[in-house]
file my_file04.txt (compact mmCIF, C-alpha atoms and all ligand atoms)
# COMPACT_ATOMS: atom_id res chain seq x y z
CA MET A 133 -86.86 29.28 -42.52
CA ARG A 134 -83.64 31.24 -41.97
CA LEU A 135 -80.44 29.48 -42.98
CA ASP A 136 -78.90 29.55 -39.48
CA THR A 137 -82.09 28.13 -37.90
CA TRP A 138 -82.11 25.40 -40.51
CA ARG A 139 -78.44 24.64 -39.83
CA LEU A 140 -79.12 24.44 -36.09
CA GLU A 141 -82.04 22.06 -36.63
CA LEU A 142 -79.97 19.87 -38.92
CA LYS A 143 -77.12 19.77 -36.39
CA THR A 144 -79.52 18.91 -33.53
CA ALA A 145 -80.98 16.05 -35.56
CA PHE A 146 -77.53 14.46 -35.82
CA MET A 147 -76.43 15.12 -32.23
CA SER A 148 -75.93 12.03 -30.10
CA LYS A 149 -76.41 11.82 -26.36
CA VAL A 150 -72.98 11.20 -24.89
CA LEU A 151 -72.32 10.51 -21.20
CA THR A 152 -69.28 9.81 -19.10
CA ALA A 153 -68.13 10.05 -15.48
CA ILE A 154 -65.07 9.77 -13.27
CA GLN A 155 -64.71 8.67 -9.64
CA PRO A 156 -63.33 11.23 -7.18
CA SER A 157 -61.26 8.46 -5.61
CA GLY A 158 -58.02 10.47 -5.82
CA ILE A 159 -56.35 13.06 -8.01
CA LEU A 160 -57.01 12.40 -11.70
CA HIS A 161 -54.10 11.08 -13.76
CA ILE A 162 -52.94 11.24 -17.35
CA GLY A 163 -54.75 7.91 -18.09
CA ASN A 164 -58.06 9.44 -17.00
CA TYR A 165 -57.34 12.46 -19.18
CA ILE A 166 -56.45 10.40 -22.25
CA GLY A 167 -59.07 7.64 -21.82
CA ALA A 168 -62.06 9.69 -20.73
CA ILE A 169 -61.67 13.47 -20.41
CA GLU A 170 -60.17 14.37 -23.79
CA PRO A 171 -62.67 12.22 -25.78
CA ALA A 172 -65.54 13.75 -23.77
CA VAL A 173 -64.32 17.30 -24.37
CA GLU A 174 -64.05 16.50 -28.07
CA SER A 175 -67.56 15.11 -28.21
CA GLN A 176 -68.92 18.26 -26.51
CA ARG A 177 -68.65 20.27 -29.74
CA ASP A 178 -71.16 18.29 -31.81
CA ASN A 179 -73.11 16.27 -29.26
CA GLU A 180 -75.26 16.56 -26.15
CA LEU A 181 -72.82 15.73 -23.34
CA ARG A 182 -73.49 14.74 -19.74
CA MET A 183 -70.45 14.53 -17.50
CA PHE A 184 -70.45 13.94 -13.77
CA VAL A 185 -68.52 13.09 -10.66
CA VAL A 186 -69.48 9.62 -9.40
CA ASP A 187 -68.99 10.07 -5.66
CA TYR A 188 -71.21 7.08 -4.80
CA HIS A 189 -68.93 4.89 -6.94
CA ALA A 190 -65.90 6.23 -5.07
CA ILE A 191 -67.23 5.09 -1.68
CA THR A 192 -67.31 1.44 -2.80
CA VAL A 193 -63.79 1.46 -1.31
CA PRO A 194 -63.03 3.38 1.92
CA GLN A 195 -62.64 7.16 1.52
CA LYS A 196 -61.81 9.73 4.17
CA PRO A 197 -64.80 12.15 4.22
CA GLU A 198 -62.74 15.37 4.18
CA GLU A 199 -60.55 14.04 1.34
CA LEU A 200 -63.58 12.87 -0.64
CA ARG A 201 -65.10 16.35 -0.45
CA LYS A 202 -61.84 17.86 -1.72
CA ASN A 203 -61.56 15.28 -4.51
CA ILE A 204 -65.12 16.00 -5.71
CA LEU A 205 -64.23 19.69 -6.02
CA THR A 206 -60.84 18.97 -7.63
CA ALA A 207 -62.41 16.60 -10.18
CA THR A 208 -64.97 19.29 -11.07
CA ALA A 209 -62.23 21.94 -11.37
CA THR A 210 -60.27 19.52 -13.58
CA TYR A 211 -63.23 18.93 -15.93
CA LEU A 212 -63.69 22.69 -16.28
CA ALA A 213 -59.96 23.34 -16.77
CA CYS A 214 -59.85 20.67 -19.49
CA GLY A 215 -62.59 22.47 -21.41
CA ILE A 216 -65.92 21.11 -20.19
CA ASP A 217 -68.29 24.03 -20.64
CA PRO A 218 -71.26 23.95 -18.22
CA LYS A 219 -73.27 26.11 -20.64
CA LYS A 220 -73.13 23.33 -23.23
CA THR A 221 -72.68 20.26 -21.03
CA LEU A 222 -74.75 18.97 -18.14
CA LEU A 223 -72.11 18.86 -15.38
CA PHE A 224 -73.22 17.43 -12.02
CA GLN A 225 -72.62 15.34 -8.92
CA GLN A 226 -74.06 11.81 -8.89
CA SER A 227 -75.11 11.71 -5.20
CA GLN A 228 -77.26 14.83 -5.72
CA VAL A 229 -79.49 12.92 -8.15
CA PRO A 230 -81.16 10.18 -6.06
CA GLN A 231 -82.78 8.69 -9.16
CA HIS A 232 -79.40 7.01 -9.90
CA THR A 233 -79.55 4.83 -6.78
CA GLU A 234 -83.29 4.29 -7.23
CA LEU A 235 -82.84 2.93 -10.75
CA ALA A 236 -79.82 0.91 -9.58
CA TRP A 237 -82.11 -0.90 -7.10
CA ILE A 238 -84.62 -1.77 -9.82
CA LEU A 239 -81.84 -2.97 -12.14
CA ASN A 240 -80.44 -5.03 -9.23
CA CYS A 241 -83.67 -6.95 -9.36
CA THR A 242 -83.13 -7.85 -13.03
CA ALA A 243 -79.36 -8.52 -13.05
CA ARG A 244 -77.98 -12.00 -12.36
CA MET A 245 -75.32 -12.80 -9.77
CA GLY A 246 -73.26 -14.55 -12.47
CA GLU A 247 -73.20 -11.38 -14.59
CA LEU A 248 -71.57 -9.43 -11.77
CA GLU A 249 -69.27 -12.26 -10.71
CA ARG A 250 -67.77 -12.21 -14.22
CA MET A 251 -66.68 -8.54 -14.01
CA THR A 252 -62.89 -8.33 -14.33
CA GLN A 253 -62.60 -5.14 -12.28
CA PHE A 254 -64.49 -6.74 -9.39
CA LYS A 255 -62.26 -9.82 -9.53
CA ASP A 256 -59.10 -7.65 -9.59
CA LYS A 257 -60.23 -5.42 -6.73
CA THR A 258 -61.40 -8.42 -4.66
CA ARG A 259 -57.95 -9.93 -5.02
CA VAL A 260 -56.52 -6.80 -3.39
CA ARG A 261 -59.25 -6.22 -0.79
CA GLY A 262 -59.93 -9.83 0.21
CA GLU A 263 -62.26 -10.05 3.22
CA THR A 264 -62.86 -6.28 3.19
CA THR A 265 -64.56 -6.34 -0.26
CA THR A 266 -67.87 -4.49 0.10
CA VAL A 267 -71.27 -5.34 -1.36
CA GLY A 268 -71.08 -1.89 -3.01
CA LEU A 269 -67.99 -2.93 -4.96
CA PHE A 270 -69.83 -6.00 -6.24
CA ASP A 271 -72.86 -3.91 -7.21
CA TYR A 272 -70.81 -1.06 -8.72
CA PRO A 273 -71.55 -1.95 -12.41
CA ILE A 274 -75.32 -1.79 -11.75
CA LEU A 275 -75.06 1.78 -10.44
CA MET A 276 -73.00 2.58 -13.53
CA ALA A 277 -75.71 1.04 -15.76
CA ALA A 278 -78.28 3.24 -13.99
CA ASP A 279 -76.06 6.32 -14.59
CA ILE A 280 -76.05 5.55 -18.30
CA LEU A 281 -79.64 4.38 -18.88
CA LEU A 282 -81.36 7.24 -17.03
CA TYR A 283 -80.39 9.75 -19.72
CA ASP A 284 -81.13 7.86 -22.99
CA THR A 285 -77.38 7.74 -23.59
CA ALA A 286 -76.25 6.52 -27.02
CA ILE A 287 -72.46 6.79 -26.59
CA VAL A 288 -70.21 6.28 -23.56
CA PRO A 289 -66.57 7.38 -24.05
CA VAL A 290 -64.45 5.34 -21.62
CA GLY A 291 -61.07 3.66 -21.30
CA GLU A 292 -60.71 -0.03 -22.23
CA ASP A 293 -61.17 -1.17 -18.61
CA GLN A 294 -64.79 0.01 -18.61
CA LYS A 295 -65.91 -1.75 -21.81
CA GLN A 296 -67.26 -4.76 -19.91
CA HIS A 297 -69.34 -2.49 -17.64
CA VAL A 298 -70.90 -0.66 -20.60
CA GLU A 299 -71.68 -4.03 -22.18
CA LEU A 300 -73.52 -5.03 -19.00
CA ALA A 301 -75.53 -1.77 -19.23
CA ARG A 302 -76.47 -2.78 -22.80
CA ASP A 303 -77.58 -6.26 -21.67
CA LEU A 304 -79.67 -4.82 -18.83
CA ALA A 305 -81.33 -2.29 -21.16
CA ILE A 306 -82.21 -5.01 -23.67
CA ARG A 307 -83.59 -7.28 -20.92
CA PHE A 308 -85.67 -4.50 -19.34
CA ASN A 309 -87.08 -3.45 -22.73
CA ARG A 310 -88.01 -7.07 -23.47
CA ASP A 311 -89.66 -7.71 -20.10
CA PHE A 312 -91.36 -4.36 -19.41
CA GLY A 313 -91.66 -2.64 -22.82
CA GLU A 314 -89.40 -0.25 -24.74
CA THR A 315 -87.92 2.09 -22.07
CA PHE A 316 -84.16 2.46 -22.44
CA VAL A 317 -81.84 3.39 -25.29
CA VAL A 318 -79.20 0.67 -25.72
CA PRO A 319 -75.82 2.45 -25.26
CA GLN A 320 -72.51 1.83 -26.98
CA PRO A 321 -69.01 2.20 -25.53
CA LYS A 322 -66.65 4.50 -27.43
CA ILE A 323 -63.05 3.50 -26.92
CA ARG A 324 -60.18 5.32 -28.60
CA GLU A 325 -57.79 3.29 -30.74
CA VAL A 326 -54.53 4.62 -29.29
CA GLY A 327 -54.49 5.42 -25.56
CA ALA A 328 -57.48 3.36 -24.41
CA ARG A 329 -55.33 1.75 -21.73
CA ILE A 330 -52.46 3.81 -20.36
CA MET A 331 -50.25 1.50 -18.32
CA GLY A 332 -48.61 2.03 -14.91
CA LEU A 333 -45.22 3.78 -15.07
CA ASP A 334 -43.78 1.40 -12.47
CA ASP A 335 -45.39 -1.71 -14.00
CA PRO A 336 -46.42 -1.47 -17.67
CA THR A 337 -48.27 -4.78 -17.50
CA LYS A 338 -50.98 -3.18 -15.30
CA LYS A 339 -53.23 -0.21 -16.05
CA MET A 340 -52.37 3.20 -14.57
CA SER A 341 -54.74 3.67 -11.63
CA LYS A 342 -55.53 6.37 -9.04
CA SER A 343 -55.77 3.79 -6.33
CA ALA A 344 -52.45 2.09 -7.13
CA SER A 345 -50.41 1.38 -4.02
CA SER A 346 -47.41 3.47 -5.18
CA PRO A 347 -47.58 7.07 -6.51
CA LYS A 348 -44.84 6.00 -8.95
CA ASN A 349 -47.58 4.11 -10.84
CA TYR A 350 -49.37 7.19 -12.12
CA LEU A 351 -48.67 10.64 -13.45
CA SER A 352 -51.11 12.87 -11.62
CA LEU A 353 -52.47 15.89 -13.51
CA LEU A 354 -51.26 17.93 -10.50
CA ASP A 355 -47.66 16.63 -10.33
CA ASP A 356 -45.02 19.40 -10.30
CA PRO A 357 -42.23 19.54 -12.95
CA GLU A 358 -39.66 17.84 -10.69
CA THR A 359 -42.02 14.97 -9.85
CA ILE A 360 -42.94 14.59 -13.54
CA ARG A 361 -39.24 14.41 -14.43
CA LYS A 362 -38.48 11.85 -11.73
CA LYS A 363 -41.46 9.64 -12.55
CA ILE A 364 -40.79 9.64 -16.30
CA MET A 365 -37.01 9.14 -15.97
CA SER A 366 -37.61 6.14 -13.68
CA ALA A 367 -40.50 4.68 -15.73
CA VAL A 368 -39.96 0.97 -16.40
CA THR A 369 -38.93 0.16 -20.00
CA ASP A 370 -36.67 -2.65 -21.29
CA ASN A 371 -33.07 -3.28 -22.31
CA GLU A 372 -33.49 -2.87 -26.07
CA GLY A 373 -32.80 0.86 -26.09
CA LYS A 374 -34.75 1.56 -29.31
CA VAL A 375 -37.72 3.96 -29.06
CA ALA A 376 -40.61 2.01 -30.60
CA PHE A 377 -44.34 1.46 -30.52
CA ASP A 378 -44.47 -2.29 -30.29
CA GLU A 379 -47.01 -4.39 -28.34
CA THR A 380 -44.32 -6.82 -27.22
CA ARG A 381 -42.54 -3.95 -25.41
CA PRO A 382 -45.26 -2.47 -23.15
CA GLY A 383 -43.07 0.01 -21.20
CA ILE A 384 -41.66 2.03 -24.09
CA SER A 385 -44.90 1.69 -26.11
CA ASN A 386 -46.83 3.21 -23.21
CA LEU A 387 -44.49 6.22 -23.10
CA VAL A 388 -44.67 6.64 -26.89
CA THR A 389 -48.49 6.53 -26.64
CA ILE A 390 -48.54 9.29 -24.01
CA PHE A 391 -46.08 11.40 -26.03
CA SER A 392 -48.09 10.87 -29.20
CA ILE A 393 -51.36 12.02 -27.64
CA ILE A 394 -50.13 15.10 -25.82
CA THR A 395 -48.01 16.33 -28.75
CA LYS A 396 -50.58 15.27 -31.39
CA GLN A 397 -48.06 13.27 -33.44
CA THR A 398 -48.43 9.72 -34.67
CA PRO A 399 -46.41 6.97 -32.92
CA GLU A 400 -44.68 6.32 -36.29
CA GLN A 401 -43.52 9.95 -36.45
CA ILE A 402 -42.06 9.67 -32.95
CA GLU A 403 -40.25 6.43 -33.83
CA LEU A 404 -38.66 8.20 -36.82
CA ASP A 405 -37.62 11.22 -34.73
CA TYR A 406 -35.77 9.03 -32.23
CA ILE A 407 -33.86 6.78 -34.60
CA GLY A 408 -30.31 6.63 -33.25
CA LYS A 409 -31.24 8.22 -29.91
CA GLY A 410 -31.63 6.42 -26.59
CA TYR A 411 -34.35 6.17 -23.95
CA GLY A 412 -32.66 8.94 -21.92
CA ASP A 413 -33.18 11.58 -24.64
CA PHE A 414 -36.69 10.41 -25.29
CA LYS A 415 -37.71 10.41 -21.62
CA LYS A 416 -36.23 13.88 -21.13
CA ASP A 417 -38.31 15.22 -24.06
CA LEU A 418 -41.42 13.43 -22.82
CA ALA A 419 -41.02 14.94 -19.31
CA GLU A 420 -40.65 18.40 -20.89
CA ALA A 421 -43.67 17.91 -23.15
CA LEU A 422 -45.76 16.76 -20.18
CA THR A 423 -44.65 19.75 -18.12
CA LEU A 424 -45.58 22.13 -20.95
CA PHE A 425 -48.92 20.42 -21.28
CA LEU A 426 -49.73 20.24 -17.56
CA LEU A 427 -48.56 23.61 -16.21
CA PRO A 428 -51.29 25.73 -17.89
CA LEU A 429 -53.89 23.11 -16.96
CA GLN A 430 -52.73 23.18 -13.31
CA ALA A 431 -52.94 26.98 -13.24
CA LYS A 432 -56.56 26.80 -14.41
CA ILE A 433 -57.44 24.07 -11.88
CA LYS A 434 -55.90 26.18 -9.10
CA THR A 435 -57.95 29.23 -10.11
CA TYR A 436 -61.17 27.22 -10.10
CA LEU A 437 -60.32 25.77 -6.67
CA GLU A 438 -59.78 29.25 -5.28
CA HIS A 439 -63.45 29.91 -6.08
CA GLU A 440 -65.01 26.97 -4.26
CA ASP A 441 -68.43 28.66 -3.97
CA GLU A 442 -68.57 29.05 -7.75
CA LEU A 443 -67.70 25.38 -8.25
CA ILE A 444 -70.44 24.31 -5.84
CA LYS A 445 -72.91 26.62 -7.61
CA ILE A 446 -72.05 25.11 -11.02
CA LEU A 447 -72.44 21.55 -9.69
CA ASN A 448 -75.70 22.33 -7.89
CA ALA A 449 -77.21 23.99 -10.97
CA GLY A 450 -76.24 20.95 -13.07
CA SER A 451 -77.57 18.51 -10.45
CA THR A 452 -80.93 20.32 -10.37
CA ARG A 453 -81.28 19.98 -14.16
CA ALA A 454 -80.13 16.35 -14.01
CA ARG A 455 -82.75 15.54 -11.31
CA GLU A 456 -85.53 16.95 -13.51
CA GLU A 457 -84.40 14.91 -16.48
CA ALA A 458 -83.81 11.74 -14.46
CA GLU A 459 -87.20 12.04 -12.74
CA LYS A 460 -88.98 12.02 -16.12
CA LYS A 461 -87.33 8.69 -16.95
CA MET A 462 -88.04 7.27 -13.48
CA GLU A 463 -91.75 8.10 -13.82
CA VAL A 464 -91.84 5.85 -16.89
CA VAL A 465 -89.74 3.14 -15.19
CA ARG A 466 -91.93 3.05 -12.06
CA LYS A 467 -95.04 2.70 -14.23
CA ARG A 468 -93.49 -0.08 -16.31
CA VAL A 469 -92.45 -2.02 -13.20
CA GLY A 470 -95.92 -1.61 -11.62
CA VAL A 471 -95.13 0.39 -8.47
CA CYS A 472 -96.81 3.61 -9.62
CA LEU A 473 -100.44 3.69 -8.47
CA ASN A 474 -101.55 6.72 -10.54
CA GLN A 475 -103.09 5.54 -13.80
CA ASP A 476 -102.76 8.77 -15.90
P1 LIG A 501 -59.55 3.78 -9.48
O1 LIG A 501 -58.11 3.40 -9.40
O2 LIG A 501 -60.03 4.55 -8.29
O3 LIG A 501 -60.43 2.61 -9.85
P2 LIG A 501 -59.06 4.83 -12.09
O4 LIG A 501 -57.79 5.55 -12.08
O5 LIG A 501 -59.05 3.45 -12.65
O6 LIG A 501 -59.67 4.83 -10.63
P3 LIG A 501 -61.69 5.71 -12.93
O7 LIG A 501 -62.29 6.80 -12.16
O8 LIG A 501 -62.13 4.32 -12.60
O9 LIG A 501 -60.08 5.73 -12.85
O10 LIG A 501 -61.86 5.96 -14.47
C1 LIG A 501 -62.38 7.14 -15.06
C2 LIG A 501 -62.26 7.03 -16.56
O11 LIG A 501 -60.88 7.01 -16.92
C3 LIG A 501 -62.86 5.75 -17.14
O12 LIG A 501 -63.44 6.04 -18.41
C4 LIG A 501 -61.70 4.85 -17.31
O13 LIG A 501 -61.88 3.88 -18.32
C5 LIG A 501 -60.61 5.85 -17.71
N1 LIG A 501 -59.31 5.33 -17.32
C6 LIG A 501 -58.91 5.00 -16.06
N2 LIG A 501 -57.65 4.55 -16.07
C7 LIG A 501 -57.26 4.59 -17.37
C8 LIG A 501 -56.06 4.24 -18.04
N3 LIG A 501 -55.04 3.76 -17.35
N4 LIG A 501 -55.97 4.41 -19.38
C9 LIG A 501 -57.03 4.91 -20.08
N5 LIG A 501 -58.20 5.24 -19.52
C10 LIG A 501 -58.32 5.09 -18.18
N1 LIG A 502 -67.04 3.03 -13.53
C1 LIG A 502 -66.46 4.14 -14.21
C2 LIG A 502 -66.97 5.45 -13.74
C3 LIG A 502 -68.39 5.59 -14.12
C4 LIG A 502 -68.88 5.82 -15.44
C5 LIG A 502 -70.29 5.91 -15.30
C6 LIG A 502 -68.25 5.97 -16.68
C7 LIG A 502 -69.46 5.55 -13.30
N2 LIG A 502 -70.60 5.74 -14.00
C8 LIG A 502 -71.09 6.12 -16.41
C9 LIG A 502 -69.09 6.17 -17.78
C10 LIG A 502 -70.47 6.23 -17.65
C11 LIG A 502 -64.98 4.11 -14.01
O1 LIG A 502 -64.32 4.68 -14.76
N3 LIG A 502 -64.47 3.51 -13.02
call {"tool": "encode", "arguments": {"input": "my_file04.txt", "output": "structure tokens"}}
result
Amino acid sequence: MRLDTWRLELKTAFMSKVLTAIQPSGILHIGNYIGAIEPAVESQRDNELRMFVVDYHAITVPQKPEELRKNILTATATYLACGIDPKKTLLFQQSQVPQHTELAWILNCTARMGELERMTQFKDKTRVRGETTTVGLFDYPILMAADILLYDTAIVPVGEDQKQHVELARDLAIRFNRDFGETFVVPQPKIREVGARIMGLDDPTKKMSKSASSPKNYLSLLDDPETIRKKIMSAVTDNEGKVAFDETRPGISNLVTIFSIITKQTPEQIELDYIGKGYGDFKKDLAEALTLFLLPLQAKIKTYLEHEDELIKILNAGSTRAREEAEKKMEVVRKRVGVCLNQD
């Protein structure tokens, strides 16, 4: 056997199946980049990655159809601009693979009400939506479990807020395997140590979120330099005035975390660099670093968006491959459950 063939086989043997997804519920923000996109792009080199746009998750809260369409395309352009390579990675659109909702229904019939009632994200969103909370929002983690289990996923890179949902996917896989026979791989969440939960700029006790009521909460990946400057300069900190990475001071720690990740320095290094300087200097440097980081990314996103037909072609090609793969798993699932009448 040739050495390069042998190397390739060895590498394939150690490759894990990695999968992650983002909702097109608005323009992606720096928390999405840090918590989900960067770890996914990193895993692409040595693993088999699946990455998709979960449009059916996005409609669990009201979306304007024309805006949703634009957000699906912008999310895809953002993935590509951040380095997702559709030649290596299966990149697709969730709603184009009906096996996701089909498996979600079957998993619905194994999940318990109590399991979903315990979900923190559901409780938080219900508090905001009150009477207008949809059944889809309640069922959201089951669709996410279906997303993960359809593809024999071993690793799911997500932000901290999604850990509980991946744990539910694990529980459902274990239960299904026990009741119907070995069918699903039991997945594991992969959560980065620093940056797993980027906090809101206007309120560092809550996570940065696309659907926050004020745009001052998040730093969008598409914000222009002036908006970046304004949002960072007015980000909530404290009165201590010392730049530090310290859990008891969430505002400044959050900014140090963002700085540390985009400039690839440790938080300790940043603390040392700002000894004797105030928040003003630090925030100015952070705004500049973010601008330097985001401008080239924005240029790439813009170029992709100017070629909408290409984007749609890439997504459709990925969705076709995903349907073939998902259908193979569903054939097994339907047999295990007993709804498939063919005996072969
Ligand atoms: P929404 O506000 O519409 O619920 P979101 O901003 O919370 O959206 P999602 O689409 O739910 O973002 O999340 C996509 C990915 O980004 C998930 O892996 C999630 O854990 C991660 N993520 C979201 N917000 C943050 C954050 N503030 N810090 C780190 N990771 C995050
Ligand atoms: N619920 C996730 C998005 C999501 C997801 C997934 C993430 C849907 N399906 C599968 C990882 C794997 C969120 O971030 N809100």
call {"tool": "atom_distance", "arguments": {"input": "my_file04.txt", "atom1": "atom O6 of ligand LIG 501 (chain A)", "atom2": "atom CA of A:Leu222"}}
result
22.0 Å
call {"tool": "closest_residue", "arguments": {"input": "my_file04.txt", "among": "A:His232, A:Arg310, A:Lys149, A:Lys339", "to": "ligand LIG 501 (chain A)", "atoms": "only C-alpha atoms and all ligand atoms"}}
result
A:Lys339
call {"tool": "residues_near_ligand", "arguments": {"input": "my_file04.txt", "ligand": "ligand LIG 501 (chain A)", "cutoff": "6 Å", "atoms": "all atoms listed in the file", "output": "NGL selection string"}}
result
:A and (154-155 or 157 or 163-164 or 166-168 or 290-294 or 328-331 or 339-343)
call {"tool": "write_last_selection", "arguments": {"input": "my_file04.txt", "atoms": "C-alpha atoms", "output": "PDB file, in the coordinates of the input"}}
result
ATOM      1  CA  ILE A 154     -65.070   9.770 -13.270  1.00  0.00           C
ATOM      2  CA  GLN A 155     -64.710   8.670  -9.640  1.00  0.00           C
ATOM      3  CA  SER A 157     -61.260   8.460  -5.610  1.00  0.00           C
ATOM      4  CA  GLY A 163     -54.750   7.910 -18.090  1.00  0.00           C
ATOM      5  CA  ASN A 164     -58.060   9.440 -17.000  1.00  0.00           C
ATOM      6  CA  ILE A 166     -56.450  10.400 -22.250  1.00  0.00           C
ATOM      7  CA  GLY A 167     -59.070   7.640 -21.820  1.00  0.00           C
ATOM      8  CA  ALA A 168     -62.060   9.690 -20.730  1.00  0.00           C
ATOM      9  CA  VAL A 290     -64.450   5.340 -21.620  1.00  0.00           C
ATOM     10  CA  GLY A 291     -61.070   3.660 -21.300  1.00  0.00           C
ATOM     11  CA  GLU A 292     -60.710  -0.030 -22.230  1.00  0.00           C
ATOM     12  CA  ASP A 293     -61.170  -1.170 -18.610  1.00  0.00           C
ATOM     13  CA  GLN A 294     -64.790   0.010 -18.610  1.00  0.00           C
ATOM     14  CA  ALA A 328     -57.480   3.360 -24.410  1.00  0.00           C
ATOM     15  CA  ARG A 329     -55.330   1.750 -21.730  1.00  0.00           C
ATOM     16  CA  ILE A 330     -52.460   3.810 -20.360  1.00  0.00           C
ATOM     17  CA  MET A 331     -50.250   1.500 -18.320  1.00  0.00           C
ATOM     18  CA  LYS A 339     -53.230  -0.210 -16.050  1.00  0.00           C
ATOM     19  CA  MET A 340     -52.370   3.200 -14.570  1.00  0.00           C
ATOM     20  CA  SER A 341     -54.740   3.670 -11.630  1.00  0.00           C
ATOM     21  CA  LYS A 342     -55.530   6.370  -9.040  1.00  0.00           C
ATOM     22  CA  SER A 343     -55.770   3.790  -6.330  1.00  0.00           C
TER      23      SER A 343
END
call {"tool": "closest_residue", "arguments": {"input": "my_file04.txt", "among": "A:Arg250, A:His297, A:Ile216, A:Ala209", "to": "ligand LIG 502 (chain A)", "atoms": "all atoms listed in the file"}}
result
A:His297
call {"tool": "axis_aligned_box", "arguments": {"input": "my_file04.txt", "around": "ligand LIG 502 (chain A)", "padding_each_side": "6 Å", "output": "JSON"}}
result
{"center_x": -67.7, "center_y": 4.6, "center_z": -15.4, "size_x": 18.8, "size_y": 15.2, "size_z": 16.8}
call {"tool": "residues_near_ligand", "arguments": {"input": "my_file04.txt", "ligand": "ligand LIG 502 (chain A)", "cutoff": "6 Å", "atoms": "all atoms listed in the file", "output": "PyMOL selection string"}}
result
chain A and resi 151-155+186+276+279-280+288
call {"tool": "residues_around", "arguments": {"input": "my_file04.txt", "residues": "A:Leu429", "least_positions_apart": "6", "cutoff": "12 Å", "atoms": "only C-alpha atoms", "output": "ChimeraX atom specification"}}
result
/A:162,165,209-215,352-356,422-423,435-436
call {"tool": "residues_near_point", "arguments": {"input": "my_file04.txt", "point": "(-45.6, 4.8, -31.6)", "cutoff": "10 Å", "atoms": "all atoms listed in the file", "output": "list in words"}}
result
Val326, Val375, Ala376, Phe377, Asp378, Glu379, Ile384, Ser385, Asn386, Leu387, Val388, Thr389, Ile390, Phe391, Ser392, Gln397, Thr398, Pro399, Glu400, Gln401, Ile402, Glu403 and Leu404 of chain A
call {"tool": "write_last_selection", "arguments": {"input": "my_file04.txt", "atoms": "C-alpha atoms", "output": "mmCIF file, keeping the file's coordinate frame"}}
result
data_model
loop_
_atom_site.group_PDB
_atom_site.id
_atom_site.type_symbol
_atom_site.label_atom_id
_atom_site.label_comp_id
_atom_site.auth_asym_id
_atom_site.auth_seq_id
_atom_site.Cartn_x
_atom_site.Cartn_y
_atom_site.Cartn_z
ATOM 1 C CA VAL A 326 -54.530 4.620 -29.290
ATOM 2 C CA VAL A 375 -37.720 3.960 -29.060
ATOM 3 C CA ALA A 376 -40.610 2.010 -30.600
ATOM 4 C CA PHE A 377 -44.340 1.460 -30.520
ATOM 5 C CA ASP A 378 -44.470 -2.290 -30.290
ATOM 6 C CA GLU A 379 -47.010 -4.390 -28.340
ATOM 7 C CA ILE A 384 -41.660 2.030 -24.090
ATOM 8 C CA SER A 385 -44.900 1.690 -26.110
ATOM 9 C CA ASN A 386 -46.830 3.210 -23.210
ATOM 10 C CA LEU A 387 -44.490 6.220 -23.100
ATOM 11 C CA VAL A 388 -44.670 6.640 -26.890
ATOM 12 C CA THR A 389 -48.490 6.530 -26.640
ATOM 13 C CA ILE A 390 -48.540 9.290 -24.010
ATOM 14 C CA PHE A 391 -46.080 11.400 -26.030
ATOM 15 C CA SER A 392 -48.090 10.870 -29.200
ATOM 16 C CA GLN A 397 -48.060 13.270 -33.440
ATOM 17 C CA THR A 398 -48.430 9.720 -34.670
ATOM 18 C CA PRO A 399 -46.410 6.970 -32.920
ATOM 19 C CA GLU A 400 -44.680 6.320 -36.290
ATOM 20 C CA GLN A 401 -43.520 9.950 -36.450
ATOM 21 C CA ILE A 402 -42.060 9.670 -32.950
ATOM 22 C CA GLU A 403 -40.250 6.430 -33.830
ATOM 23 C CA LEU A 404 -38.660 8.200 -36.820
#
call {"tool": "atom_distance", "arguments": {"input": "my_file04.txt", "atom1": "atom CA of A:Ala243", "atom2": "atom CA of A:Asp311"}}
result
12.5 Å
call {"tool": "decode", "arguments": {"input": "my_file04.txt", "residues": "stretch 327-347 of chain A", "atoms": "C-alpha atoms", "output": "mmCIF file, in the first residue's frame"}}
result
data_model
loop_
_atom_site.group_PDB
_atom_site.id
_atom_site.type_symbol
_atom_site.label_atom_id
_atom_site.label_comp_id
_atom_site.auth_asym_id
_atom_site.auth_seq_id
_atom_site.Cartn_x
_atom_site.Cartn_y
_atom_site.Cartn_z
ATOM 1 C CA GLY A 327 -16.126 31.692 25.296
ATOM 2 C CA ALA A 328 -18.856 29.073 25.729
ATOM 3 C CA ARG A 329 -21.257 31.785 26.876
ATOM 4 C CA ILE A 330 -20.700 35.272 25.505
ATOM 5 C CA MET A 331 -22.851 37.664 27.510
ATOM 6 C CA GLY A 332 -25.052 40.561 26.364
ATOM 7 C CA LEU A 333 -23.184 43.873 25.978
ATOM 8 C CA ASP A 334 -26.061 45.764 27.599
ATOM 9 C CA ASP A 335 -26.607 43.177 30.350
ATOM 10 C CA PRO A 336 -23.671 40.859 31.120
ATOM 11 C CA THR A 337 -25.820 38.665 33.363
ATOM 12 C CA LYS A 338 -27.722 37.357 30.299
ATOM 13 C CA LYS A 339 -26.372 35.549 27.233
ATOM 14 C CA MET A 340 -25.865 37.500 24.001
ATOM 15 C CA SER A 341 -28.803 36.575 21.772
ATOM 16 C CA LYS A 342 -30.012 37.346 18.221
ATOM 17 C CA SER A 343 -33.544 37.726 19.434
ATOM 18 C CA ALA A 344 -32.698 40.118 22.287
ATOM 19 C CA SER A 345 -35.092 43.059 22.450
ATOM 20 C CA SER A 346 -32.337 45.680 22.007
ATOM 21 C CA PRO A 347 -29.638 45.640 19.272
#
